[in-house]
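Input: a single structure, listed below in structure tokens.
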Amino acid sequence: MPLLELRDVHKIYRTGRVEVHALKGIDIAVHRSDFIAIVGPSGSGKTTLLNIMGCIDLPTSGRVILERHEIHTKSPKELALLRRNYFGFIFQSFNLIPVLTVYENVELAINLKVKLPKSERRKRVMAILEAVGLADEHDRKPLELSGGQQQRVAIARALVQEPEFVIADEPTANLDSKTGAEIVELMRKLNEEKGVTFVFSTHDPLIMDMAHQVIRLRDGRIVES
């Protein structure tokens, strides 16, 4: 049984009389421990697709099924609980909280999901910051960091809660090649050793090479899988 399934999903955005058909009949099945790359040119629908897969947005028509949950039937509160319980998100725009330190941004992801003793929280946060190369920057604020460092904080925040499913929008786009390769290796290790499911939108050949499946989008349609 798939962890997540999309059946004939369409997404239409309307602004006044303007209508944009962002997704056109998408069918995808994601199973546990999948490592999937979604690729395609700008405007092909990649981010829209990720938002629907991650219960951030709802389809205009079609079905999205997360295990036994029919997403289109859920209230905003129920969708928020599904996001908290299932997903870790890596956003292209980072979405860090500027008044919090690196440590606090990452720790917050744990606090929103589970109650852990302070010593256990610190151990887990510092371990993931060490893994992304930011342990020495833990007390700095996001605006004191480079774009690449902020991306690594966003990655640490997504992974620290040990989610079942990580949705990653261009996770290596702001990283140099060496750091990008290290981050991809960390995610591959989590996938293989802990069964974490990953779905990426990406232009990174390294992620595409490691992916179990590459899904190519063009103009809101799957053209190759």
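Ordering of the structure tokens sets the chain letters (A, B, ...), residue numbers begin anew at 1 in every chain, and ligands are numbered from 1 in the order given.
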- Message: So that I can check the surroundings of Val30 (chain A), please list as number ranges by chain every protein, DNA and RNA residue that reaches within 8 Å of it, counting only C-alpha atoms and ignoring chain neighbours fewer than 3 positions away.
- Response: A: 2-5, 34
Mind dumping the selected residues with all heavy atoms as a short mmCIF file (atom, residue, chain, number, x, y, z; two decimals), in the first residue's frame?
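Below is the file result_4.cif, written as the result:
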```cif
data_model
loop_
_atom_site.label_atom_id
_atom_site.label_comp_id
_atom_site.auth_asym_id
_atom_site.auth_seq_id
_atom_site.Cartn_x
_atom_site.Cartn_y
_atom_site.Cartn_z
N PRO A 2 0.63 2.20 -0.90
CA PRO A 2 1.45 3.41 -0.93
C PRO A 2 1.31 4.23 0.36
O PRO A 2 0.25 4.24 0.98
CB PRO A 2 0.90 4.19 -2.13
CG PRO A 2 0.18 3.18 -2.96
CD PRO A 2 -0.35 2.17 -2.00
N LEU A 3 2.40 4.90 0.74
CA LEU A 3 2.33 5.87 1.82
C LEU A 3 1.50 7.07 1.38
O LEU A 3 0.69 7.62 2.14
CB LEU A 3 3.74 6.31 2.21
CG LEU A 3 3.88 7.46 3.21
CD1 LEU A 3 3.22 7.10 4.54
CD2 LEU A 3 5.35 7.80 3.42
N LEU A 4 1.70 7.49 0.12
CA LEU A 4 0.99 8.64 -0.44
C LEU A 4 0.61 8.33 -1.88
O LEU A 4 1.43 7.79 -2.63
CB LEU A 4 1.89 9.89 -0.40
CG LEU A 4 1.30 11.17 -1.01
CD1 LEU A 4 0.20 11.74 -0.11
CD2 LEU A 4 2.40 12.21 -1.23
N GLU A 5 -0.61 8.69 -2.24
CA GLU A 5 -1.06 8.45 -3.60
C GLU A 5 -1.83 9.66 -4.13
O GLU A 5 -2.69 10.20 -3.44
CB GLU A 5 -1.95 7.21 -3.64
CG GLU A 5 -2.24 6.69 -5.03
CD GLU A 5 -2.93 5.34 -5.02
OE1 GLU A 5 -3.28 4.84 -3.93
OE2 GLU A 5 -3.12 4.78 -6.11
N ASP A 34 10.94 5.39 -0.30
CA ASP A 34 11.24 5.90 -1.65
C ASP A 34 12.19 7.09 -1.56
O ASP A 34 12.26 7.81 -0.55
CB ASP A 34 9.96 6.33 -2.37
CG ASP A 34 9.30 5.19 -3.14
OD1 ASP A 34 9.92 4.13 -3.26
OD2 ASP A 34 8.17 5.38 -3.63
#
```
- Write out as a list in words all residues of region 137-171 of chain A that DSSP puts in strand (DSSP E or B) for this structure's backbone.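 Filtering region 137-171 of chain A to strand (DSSP E or B) leaves Phe165, Val166, Ile167, Ala168 and Asp169 of chain A.
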- Item | Atomic separation - CA of Asp176 (chain A) relative to CA of Leu217 (chain A), Å |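 Taking CA of Leu217 (chain A) as the start and CA of Asp176 (chain A) as the end point, the length is 25.7 Å.
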- Message: Here is a test: counting only C-alpha atoms, which residue of A:Phe91, A:Tyr86, A:Phe165, A:Tyr13 is nearest to Thr47 (chain A)?
- Response: A:Phe91
- Message: For Thr172 (chain A), find every residue with an atom within 10 Å (counting only C-alpha atoms), except residues of its own chain fewer than 6 positions away, and show them as a PyMOL selection string.
- Response: chain A and resi 92+148+151-152+155+179-181+183-184+202-204+206-207
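When only C-alpha atoms are used to compute distances to Phe94 (chain A), the closest of the residues A:Pro59, A:Gly133, A:Pro117, A:Pro171 turns out to be A:Pro171.
Using only C-alpha atoms for every distance, the candidate list A:Ile65, A:Val223, A:Leu143, A:Leu81 yields A:Leu143 as the residue closest to Val99 (chain A).
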- Which of these residues is nearest to Lys113 (chain A), using only C-alpha atoms: A:Met126, A:Ala80, A:Ile36, A:Leu96? A:Ala80
- Message: Please compute the CA of Val199 (chain A)-CA of Pro163 (chain A) distance, one decimal, in Å.
- Response: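 We find that CA of Val199 (chain A) and CA of Pro163 (chain A) lie 12.6 Å from each other.
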- Query: At what distance in Å, to one decimal, does CA of His31 (chain A) lie from CA of Lys194 (chain A)?
  - Reply: 14.1 Å
- Item | DSSP alpha helix (DSSP H) residues within region 11-217 of chain A, listed as a ChimeraX atom specification | /A:46-53,76-86,102-111,118-131,147-160,177-194,205-210
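When only C-alpha atoms are used to measure the gap to Thr48 (chain A), the shortest distance among A:Arg221, A:Arg83, A:Lys118, A:Val196 belongs to A:Arg221.
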- Query: Using only C-alpha atoms, which of A:Asp8, A:Asp219, A:Glu193, A:Glu107 sits nearest Ala156 (chain A)?
  - Reply: A:Glu107
- What lies within 12 Å of Arg140 (chain A) using only C-alpha atoms, ignoring chain neighbours under 3 positions off, as a list in words?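 With the cut-off at 12 Å, the set is Ile97, Pro98, Val99, Leu100, Thr101, Val102, Tyr103, Glu104, Asn105, Leu134, Ala135, Asp136, Glu137, Leu143, Glu144, Leu145, Ser146, Gln149, Gln150 and Val153 of chain A.
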Keeping only N, CA and C atoms, write the selected residues to a file as a compact mmCIF listing (two decimals), in the first residue's frame.
```txt
# COMPACT_ATOMS: atom_id res chain seq x y z
N ILE A 97 13.10 31.49 11.39
CA ILE A 97 12.59 32.56 12.25
C ILE A 97 13.76 33.47 12.62
N PRO A 98 13.76 34.72 12.13
CA PRO A 98 14.96 35.56 12.25
C PRO A 98 15.36 35.92 13.68
N VAL A 99 14.40 35.94 14.62
CA VAL A 99 14.74 36.35 16.00
C VAL A 99 15.29 35.18 16.82
N LEU A 100 15.24 33.97 16.27
CA LEU A 100 15.76 32.80 16.97
C LEU A 100 17.15 32.46 16.46
N THR A 101 17.95 31.86 17.32
CA THR A 101 19.28 31.40 16.91
C THR A 101 19.14 30.15 16.03
N VAL A 102 20.27 29.76 15.45
CA VAL A 102 20.29 28.52 14.69
C VAL A 102 19.80 27.36 15.55
N TYR A 103 20.35 27.26 16.77
CA TYR A 103 19.95 26.18 17.68
C TYR A 103 18.45 26.22 17.94
N GLU A 104 17.92 27.41 18.23
CA GLU A 104 16.50 27.54 18.58
C GLU A 104 15.60 27.23 17.39
N ASN A 105 16.00 27.61 16.18
CA ASN A 105 15.22 27.28 14.99
C ASN A 105 15.08 25.77 14.83
N LEU A 134 27.30 22.89 11.04
CA LEU A 134 26.96 24.18 11.64
C LEU A 134 27.00 24.18 13.17
N ALA A 135 27.64 23.19 13.77
CA ALA A 135 27.68 23.13 15.23
C ALA A 135 28.33 24.38 15.82
N ASP A 136 29.34 24.91 15.15
CA ASP A 136 30.05 26.09 15.67
C ASP A 136 29.24 27.38 15.49
N GLU A 137 28.16 27.33 14.71
CA GLU A 137 27.34 28.52 14.45
C GLU A 137 26.01 28.46 15.20
N LEU A 143 20.13 35.81 9.94
CA LEU A 143 20.60 36.90 9.09
C LEU A 143 22.10 37.14 9.22
N GLU A 144 22.75 36.48 10.16
CA GLU A 144 24.20 36.54 10.30
C GLU A 144 24.90 35.46 9.48
N LEU A 145 24.10 34.65 8.79
CA LEU A 145 24.63 33.52 8.03
C LEU A 145 24.54 33.78 6.53
N SER A 146 25.35 33.06 5.77
CA SER A 146 25.24 33.09 4.32
C SER A 146 23.99 32.34 3.86
N GLN A 149 24.50 28.64 4.38
CA GLN A 149 24.37 28.23 5.78
C GLN A 149 22.91 28.21 6.22
N GLN A 150 22.13 29.19 5.77
CA GLN A 150 20.70 29.20 6.10
C GLN A 150 20.01 27.97 5.52
N VAL A 153 20.64 25.14 7.82
CA VAL A 153 19.79 25.20 9.01
C VAL A 153 18.40 24.65 8.67
```
- Message: I'd like the neighbourhood of Asn85 (chain A) as a list in words, where a residue qualifies if any of its atoms comes within 12 Å (using only C-alpha atoms), though same-chain residues fewer than 3 positions away should be ignored.
- Response: Gly54, Cys55, Leu66, Glu78, Leu79, Ala80, Leu81, Leu82, Gly88, Phe89, Ala109, Ile110, Leu112, Lys113, Val114, Gln161, Glu162, Pro163, Glu164, Phe165 and Val166 of chain A
